[in-house]
Amino acid sequence: MTTATTTTTLSAAPPPPIRRRRNKTAKWSALFLSPAMIVIGVFTVIPMLMTIWISLNKWSMFTSITDMTFVGLDNYARLLGDASRMQAIANTGVYVGLSVLITIPLALLIALLLYFPKLKGKGVVRTLLFATYVIPTIAIVIIWGNIYSPGYGPLSAMVTAIGLTPPGWLSDPQWALLSLVIFNVWQMLGYYVILLIAGLTQINEELYEAARIDGAGLIRQTWSITIPLLRPSLVFVVLMTFVNSIQVFDPIYLLTQGGPANSTNVVGFEIQRSAFQYGMAGESSALAVSLFLMIVAIGGVLGIIMKGRKR
């Protein structure tokens, strides 16, 4: 009995030359990966750890780092009592929610229209849609700043042409955040459409042929075949929309500076303003860590949903 077990164990182990080859491959892999890991460690891991440490201290960026005072979780507790930061969190939630609710159905609809019908010029349309994502943000912000201009902007001119009074797109607290959501949807929509089209290419065409033979119409095919099999791509697009929206900063900084009346102040802009305008490094770091934890939590939930659906 013992002899048989020993024989089985020895036969299962790889021969010494194979083990040596694997060890050599692992060493070369570690050698080639080490420059990238060093860069990630220096520019990602170390700053993250420093941000967590600073969030536990009271420190003004206008003073020496030696003046830092440990306060534990006081900075996190102070966030809950600060009306400006709580409004920034609320504005961020509205911005993210509207971006997801508008972008995902629209991207899915456009992806289906560009993938299934036998239309000429679909490649050109895809290129134009994706171009909105690769154009530098500063250039797009300048264009949309002119579009939203209350005096000579084309959007206000169109509203006036139909006999209505145009609102102050970026100067009215009731419209400013929604105007920025529209800008975000326009900028990111093409990227998400391309991702969903890539997911559609992975669906076997034979499934649609079998459904048509069984008498299933277009809506039934979309609901029973396309949506379930496209779910991994949809979950990924939802996650990307969430992450890109919750980290919004450039349009806020360039167009509204958090105004009017703090109506477009979001977490990303509040972090920058607290740290570099007011010097409150501890509070801004606590807000940054809280934002990171929110992203990790939502990403984890979406990952669990996608994993559960695969089963």
# chains A, B, ... in the order shown; residues from 1 in each chain; ligands from 1

call {"tool": "residues_around", "arguments": {"residues": "A:Asn265", "least_positions_apart": "5", "cutoff": "9 Å", "atoms": "only C-alpha atoms", "output": "PyMOL selection string"}}
result
chain A and resi 84-85+87-89+91-92+177+252+256-260+270

call {"tool": "residues_around", "arguments": {"residues": "A:Gln272", "least_positions_apart": "3", "cutoff": "10 Å", "atoms": "only C-alpha atoms", "output": "short mmCIF file (atom, residue, chain, number, x, y, z; two decimals) with N, CA, C and O atoms, in the first residue's frame"}}
result
data_model
loop_
_atom_site.label_atom_id
_atom_site.label_comp_id
_atom_site.auth_asym_id
_atom_site.auth_seq_id
_atom_site.Cartn_x
_atom_site.Cartn_y
_atom_site.Cartn_z
N PHE A 249 -13.73 65.50 -13.15
CA PHE A 249 -13.03 66.67 -12.63
C PHE A 249 -12.84 67.74 -13.70
O PHE A 249 -13.18 68.91 -13.48
N TYR A 253 -13.89 71.71 -13.44
CA TYR A 253 -12.83 72.70 -13.22
C TYR A 253 -12.79 73.74 -14.33
O TYR A 253 -12.56 74.93 -14.07
N VAL A 267 -17.20 65.36 -5.82
CA VAL A 267 -16.15 64.90 -4.91
C VAL A 267 -14.76 65.18 -5.48
O VAL A 267 -13.87 65.64 -4.76
N GLY A 268 -14.57 64.89 -6.78
CA GLY A 268 -13.25 65.11 -7.38
C GLY A 268 -12.81 66.55 -7.30
O GLY A 268 -11.65 66.85 -6.98
N PHE A 269 -13.72 67.47 -7.58
CA PHE A 269 -13.38 68.90 -7.51
C PHE A 269 -13.20 69.34 -6.06
O PHE A 269 -12.32 70.15 -5.77
N ALA A 275 -7.57 70.58 -0.98
CA ALA A 275 -6.13 70.36 -0.84
C ALA A 275 -5.31 71.54 -1.32
O ALA A 275 -4.44 72.05 -0.61
N PHE A 276 -5.57 72.01 -2.55
CA PHE A 276 -4.66 72.97 -3.18
C PHE A 276 -5.10 74.42 -3.03
O PHE A 276 -4.29 75.31 -3.23
N GLN A 277 -6.37 74.66 -2.70
CA GLN A 277 -6.81 76.03 -2.45
C GLN A 277 -6.82 76.35 -0.96
O GLN A 277 -6.41 77.44 -0.55
N TYR A 278 -7.28 75.41 -0.15
CA TYR A 278 -7.39 75.64 1.28
C TYR A 278 -6.30 74.96 2.08
O TYR A 278 -6.16 75.21 3.28
N GLY A 279 -5.55 74.05 1.45
CA GLY A 279 -4.43 73.40 2.12
C GLY A 279 -4.80 72.33 3.11
O GLY A 279 -3.94 71.85 3.86
N MET A 280 -6.07 71.90 3.14
CA MET A 280 -6.52 70.91 4.13
C MET A 280 -6.22 69.50 3.61
O MET A 280 -7.09 68.81 3.07
N ALA A 281 -4.98 69.09 3.76
CA ALA A 281 -4.53 67.82 3.19
C ALA A 281 -5.21 66.62 3.86
O ALA A 281 -5.56 65.65 3.19
N SER A 284 -8.98 66.40 2.70
CA SER A 284 -9.08 66.03 1.28
C SER A 284 -8.62 64.59 1.05
O SER A 284 -9.19 63.87 0.23
N SER A 285 -7.61 64.14 1.80
CA SER A 285 -7.17 62.75 1.68
C SER A 285 -8.24 61.79 2.18
O SER A 285 -8.45 60.72 1.59
N ALA A 288 -10.68 61.51 -0.52
CA ALA A 288 -10.15 60.70 -1.62
C ALA A 288 -10.22 59.21 -1.28
O ALA A 288 -10.57 58.38 -2.12
#

call {"tool": "atom_distance", "arguments": {"atom1": "atom CA of A:Ser263", "atom2": "atom CA of A:Arg78"}}
result
21.0 Å

call {"tool": "residues_around", "arguments": {"residues": "A:Val243", "least_positions_apart": "3", "cutoff": "12 Å", "atoms": "only C-alpha atoms", "output": "NGL selection string"}}
result
:A and (92-93 or 95-97 or 99-100 or 188 or 236-240 or 246-248 or 268 or 291-299 or 302)

call {"tool": "write_last_selection", "arguments": {"atoms": "N, CA and C atoms", "output": "CSV table (one decimal), in the first residue's frame"}}
result
chain,number,residue,atom,x,y,z
A,92,THR,N,-22.4,64.3,-6.7
A,92,THR,CA,-21.7,63.2,-7.4
A,92,THR,C,-22.6,62.0,-7.6
A,93,GLY,N,-23.5,61.7,-6.6
A,93,GLY,CA,-24.4,60.6,-6.8
A,93,GLY,C,-25.4,60.9,-7.9
A,95,TYR,N,-25.0,63.0,-10.5
A,95,TYR,CA,-24.2,63.0,-11.7
A,95,TYR,C,-24.0,61.6,-12.2
A,96,VAL,N,-23.5,60.7,-11.3
A,96,VAL,CA,-23.3,59.3,-11.7
A,96,VAL,C,-24.5,58.6,-12.1
A,97,GLY,N,-25.6,58.8,-11.3
A,97,GLY,CA,-26.9,58.1,-11.6
A,97,GLY,C,-27.4,58.5,-12.9
A,99,SER,N,-25.8,59.8,-15.4
A,99,SER,CA,-24.9,59.3,-16.5
A,99,SER,C,-25.1,57.9,-16.8
A,100,VAL,N,-25.3,57.0,-15.8
A,100,VAL,CA,-25.5,55.6,-16.0
A,100,VAL,C,-26.9,55.4,-16.7
A,188,MET,N,-18.5,60.2,-23.8
A,188,MET,CA,-18.2,58.8,-23.5
A,188,MET,C,-19.0,57.8,-24.3
A,236,PHE,N,-19.5,45.4,-17.6
A,236,PHE,CA,-18.3,46.1,-17.7
A,236,PHE,C,-18.5,47.5,-18.1
A,237,VAL,N,-19.4,47.8,-19.0
A,237,VAL,CA,-19.7,49.2,-19.4
A,237,VAL,C,-20.3,49.9,-18.3
A,238,VAL,N,-21.2,49.3,-17.5
A,238,VAL,CA,-21.8,50.0,-16.3
A,238,VAL,C,-20.7,50.4,-15.4
A,239,LEU,N,-19.8,49.4,-15.1
A,239,LEU,CA,-18.6,49.7,-14.2
A,239,LEU,C,-17.8,50.9,-14.7
A,240,MET,N,-17.5,50.9,-16.0
A,240,MET,CA,-16.7,51.9,-16.6
A,240,MET,C,-17.4,53.3,-16.5
A,246,ILE,N,-17.8,59.0,-11.6
A,246,ILE,CA,-17.5,59.4,-10.2
A,246,ILE,C,-16.2,60.1,-10.0
A,247,GLN,N,-15.3,60.0,-11.0
A,247,GLN,CA,-14.0,60.7,-11.0
A,247,GLN,C,-14.0,62.0,-11.8
A,248,VAL,N,-15.2,62.4,-12.2
A,248,VAL,CA,-15.2,63.6,-13.0
A,248,VAL,C,-14.5,64.8,-12.4
A,268,GLY,N,-14.6,64.9,-6.8
A,268,GLY,CA,-13.3,65.1,-7.4
A,268,GLY,C,-12.8,66.6,-7.3
A,291,LEU,N,-13.8,58.1,-1.6
A,291,LEU,CA,-14.1,57.9,-3.0
A,291,LEU,C,-13.6,56.6,-3.5
A,292,PHE,N,-12.3,56.3,-3.2
A,292,PHE,CA,-11.7,55.0,-3.6
A,292,PHE,C,-12.5,53.8,-3.1
A,293,LEU,N,-12.9,53.9,-1.8
A,293,LEU,CA,-13.7,52.8,-1.2
A,293,LEU,C,-15.0,52.6,-1.9
A,294,MET,N,-15.6,53.7,-2.3
A,294,MET,CA,-16.9,53.6,-3.0
A,294,MET,C,-16.7,53.0,-4.3
A,295,ILE,N,-15.7,53.3,-5.0
A,295,ILE,CA,-15.4,52.7,-6.3
A,295,ILE,C,-15.2,51.2,-6.2
A,296,VAL,N,-14.4,50.8,-5.2
A,296,VAL,CA,-14.1,49.4,-4.9
A,296,VAL,C,-15.4,48.6,-4.5
A,297,ALA,N,-16.2,49.2,-3.7
A,297,ALA,CA,-17.4,48.6,-3.3
A,297,ALA,C,-18.4,48.3,-4.5
A,298,ILE,N,-18.6,49.4,-5.3
A,298,ILE,CA,-19.5,49.2,-6.4
A,298,ILE,C,-18.9,48.2,-7.4
A,299,GLY,N,-17.6,48.3,-7.7
A,299,GLY,CA,-16.9,47.4,-8.6
A,299,GLY,C,-17.0,45.9,-8.1
A,302,LEU,N,-20.7,44.7,-8.7
A,302,LEU,CA,-20.9,44.4,-10.1
A,302,LEU,C,-20.1,43.1,-10.5

call {"tool": "residues_around", "arguments": {"residues": "A:Val71", "least_positions_apart": "5", "cutoff": "8 Å", "atoms": "only C-alpha atoms", "output": "PDB file with N, CA, C and O atoms, in the first residue's frame"}}
result
ATOM      1  N   LEU A  56      -5.332  60.231   8.074  1.00  0.00           N
ATOM      2  CA  LEU A  56      -5.437  59.996   9.517  1.00  0.00           C
ATOM      3  C   LEU A  56      -4.750  61.089  10.330  1.00  0.00           C
ATOM      4  O   LEU A  56      -4.619  60.960  11.543  1.00  0.00           O
ATOM      5  N   ASN A  57      -4.320  62.140   9.633  1.00  0.00           N
ATOM      6  CA  ASN A  57      -3.590  63.212  10.301  1.00  0.00           C
ATOM      7  C   ASN A  57      -4.197  64.569   9.960  1.00  0.00           C
ATOM      8  O   ASN A  57      -4.901  64.726   8.957  1.00  0.00           O
ATOM      9  N   LYS A  58      -3.944  65.537  10.809  1.00  0.00           N
ATOM     10  CA  LYS A  58      -4.300  66.920  10.534  1.00  0.00           C
ATOM     11  C   LYS A  58      -3.043  67.631  10.046  1.00  0.00           C
ATOM     12  O   LYS A  58      -2.031  67.684  10.746  1.00  0.00           O
TER      13      LYS A  58
END

call {"tool": "select_by_dssp", "arguments": {"residues": "stretch 1-229 of chain A", "states": "alpha helix (DSSP H)", "output": "number ranges by chain"}}
result
A: 2-12, 16-40, 46-55, 74-80, 83-115, 122-134, 137-147, 154-161, 176-200, 205-213, 218-221, 227-229

call {"tool": "closest_atom_pairs", "arguments": {"of": "stretch 99-159 of chain A", "to": "stretch 192-207 of chain A", "cutoff": "10 Å", "atoms": "only C-alpha atoms", "output": "JSON lines"}}
result
{"residue": "A:Thr103", "atom": "CA", "partner": "A:Tyr192", "partner_atom": "CA", "distance": 8.3}
{"residue": "A:Ile104", "atom": "CA", "partner": "A:Tyr192", "partner_atom": "CA", "distance": 8.1}
{"residue": "A:Leu106", "atom": "CA", "partner": "A:Val193", "partner_atom": "CA", "distance": 8.7}
{"residue": "A:Ala107", "atom": "CA", "partner": "A:Val193", "partner_atom": "CA", "distance": 5.0}
{"residue": "A:Leu108", "atom": "CA", "partner": "A:Val193", "partner_atom": "CA", "distance": 6.8}
{"residue": "A:Leu109", "atom": "CA", "partner": "A:Val193", "partner_atom": "CA", "distance": 8.8}
{"residue": "A:Ile110", "atom": "CA", "partner": "A:Val193", "partner_atom": "CA", "distance": 6.7}
{"residue": "A:Ala111", "atom": "CA", "partner": "A:Val193", "partner_atom": "CA", "distance": 5.2}
{"residue": "A:Leu112", "atom": "CA", "partner": "A:Ile197", "partner_atom": "CA", "distance": 7.5}
{"residue": "A:Leu113", "atom": "CA", "partner": "A:Ile197", "partner_atom": "CA", "distance": 9.8}
{"residue": "A:Leu114", "atom": "CA", "partner": "A:Ile197", "partner_atom": "CA", "distance": 7.9}
{"residue": "A:Tyr115", "atom": "CA", "partner": "A:Ile197", "partner_atom": "CA", "distance": 6.5}
{"residue": "A:Phe116", "atom": "CA", "partner": "A:Leu200", "partner_atom": "CA", "distance": 9.2}
{"residue": "A:Arg126", "atom": "CA", "partner": "A:Ile194", "partner_atom": "CA", "distance": 7.2}
{"residue": "A:Thr127", "atom": "CA", "partner": "A:Ile194", "partner_atom": "CA", "distance": 9.2}
{"residue": "A:Leu129", "atom": "CA", "partner": "A:Val193", "partner_atom": "CA", "distance": 8.0}
{"residue": "A:Phe130", "atom": "CA", "partner": "A:Ile194", "partner_atom": "CA", "distance": 7.2}
{"residue": "A:Tyr133", "atom": "CA", "partner": "A:Tyr192", "partner_atom": "CA", "distance": 9.5}

call {"tool": "write_last_selection", "arguments": {"atoms": "N, CA and C atoms", "output": "PDB file, in the first residue's frame"}}
result
ATOM      1  N   THR A 103     -26.701  56.851 -20.355  1.00  0.00           N
ATOM      2  CA  THR A 103     -25.676  56.324 -21.255  1.00  0.00           C
ATOM      3  C   THR A 103     -25.921  54.864 -21.626  1.00  0.00           C
ATOM      4  N   ILE A 104     -26.229  54.014 -20.661  1.00  0.00           N
ATOM      5  CA  ILE A 104     -26.300  52.579 -20.922  1.00  0.00           C
ATOM      6  C   ILE A 104     -27.405  52.229 -21.920  1.00  0.00           C
ATOM      7  N   LEU A 106     -28.860  54.150 -24.111  1.00  0.00           N
ATOM      8  CA  LEU A 106     -28.550  54.789 -25.392  1.00  0.00           C
ATOM      9  C   LEU A 106     -27.412  54.068 -26.105  1.00  0.00           C
ATOM     10  N   ALA A 107     -26.373  53.691 -25.362  1.00  0.00           N
ATOM     11  CA  ALA A 107     -25.250  52.966 -25.970  1.00  0.00           C
ATOM     12  C   ALA A 107     -25.690  51.607 -26.488  1.00  0.00           C
ATOM     13  N   LEU A 108     -26.553  50.914 -25.738  1.00  0.00           N
ATOM     14  CA  LEU A 108     -27.047  49.608 -26.170  1.00  0.00           C
ATOM     15  C   LEU A 108     -27.883  49.738 -27.444  1.00  0.00           C
ATOM     16  N   LEU A 109     -28.763  50.730 -27.484  1.00  0.00           N
ATOM     17  CA  LEU A 109     -29.605  50.931 -28.662  1.00  0.00           C
ATOM     18  C   LEU A 109     -28.759  51.237 -29.892  1.00  0.00           C
ATOM     19  N   ILE A 110     -27.796  52.145 -29.759  1.00  0.00           N
ATOM     20  CA  ILE A 110     -26.952  52.492 -30.902  1.00  0.00           C
ATOM     21  C   ILE A 110     -26.102  51.305 -31.331  1.00  0.00           C
ATOM     22  N   ALA A 111     -25.589  50.533 -30.361  1.00  0.00           N
ATOM     23  CA  ALA A 111     -24.785  49.354 -30.694  1.00  0.00           C
ATOM     24  C   ALA A 111     -25.599  48.338 -31.489  1.00  0.00           C
ATOM     25  N   LEU A 112     -26.838  48.114 -31.093  1.00  0.00           N
ATOM     26  CA  LEU A 112     -27.705  47.180 -31.820  1.00  0.00           C
ATOM     27  C   LEU A 112     -27.999  47.693 -33.224  1.00  0.00           C
ATOM     28  N   LEU A 113     -28.240  48.988 -33.356  1.00  0.00           N
ATOM     29  CA  LEU A 113     -28.545  49.561 -34.669  1.00  0.00           C
ATOM     30  C   LEU A 113     -27.333  49.525 -35.600  1.00  0.00           C
ATOM     31  N   LEU A 114     -26.135  49.635 -35.020  1.00  0.00           N
ATOM     32  CA  LEU A 114     -24.925  49.635 -35.846  1.00  0.00           C
ATOM     33  C   LEU A 114     -24.399  48.235 -36.128  1.00  0.00           C
ATOM     34  N   TYR A 115     -24.901  47.243 -35.411  1.00  0.00           N
ATOM     35  CA  TYR A 115     -24.377  45.887 -35.588  1.00  0.00           C
ATOM     36  C   TYR A 115     -25.257  45.017 -36.479  1.00  0.00           C
ATOM     37  N   PHE A 116     -26.575  45.048 -36.242  1.00  0.00           N
ATOM     38  CA  PHE A 116     -27.437  44.089 -36.921  1.00  0.00           C
ATOM     39  C   PHE A 116     -27.913  44.518 -38.306  1.00  0.00           C
ATOM     40  N   ARG A 126     -19.184  54.451 -36.692  1.00  0.00           N
ATOM     41  CA  ARG A 126     -18.452  53.970 -35.510  1.00  0.00           C
ATOM     42  C   ARG A 126     -17.219  54.826 -35.251  1.00  0.00           C
ATOM     43  N   THR A 127     -16.507  55.168 -36.325  1.00  0.00           N
ATOM     44  CA  THR A 127     -15.311  56.000 -36.183  1.00  0.00           C
ATOM     45  C   THR A 127     -15.661  57.374 -35.623  1.00  0.00           C
ATOM     46  N   LEU A 129     -18.264  58.159 -33.810  1.00  0.00           N
ATOM     47  CA  LEU A 129     -18.671  58.018 -32.414  1.00  0.00           C
ATOM     48  C   LEU A 129     -17.466  57.869 -31.496  1.00  0.00           C
ATOM     49  N   PHE A 130     -16.489  57.068 -31.923  1.00  0.00           N
ATOM     50  CA  PHE A 130     -15.317  56.842 -31.088  1.00  0.00           C
ATOM     51  C   PHE A 130     -14.436  58.081 -31.025  1.00  0.00           C
ATOM     52  N   TYR A 133     -14.372  60.273 -27.973  1.00  0.00           N
ATOM     53  CA  TYR A 133     -13.659  59.780 -26.784  1.00  0.00           C
ATOM     54  C   TYR A 133     -12.175  60.112 -26.838  1.00  0.00           C
TER      55      TYR A 133
END

call {"tool": "atom_distance", "arguments": {"atom1": "atom CA of A:Leu287", "atom2": "atom CA of A:Thr51"}}
result
10.1 Å

call {"tool": "atom_distance", "arguments": {"atom1": "atom CA of A:Ser245", "atom2": "atom CA of A:Met61"}}
result
27.6 Å
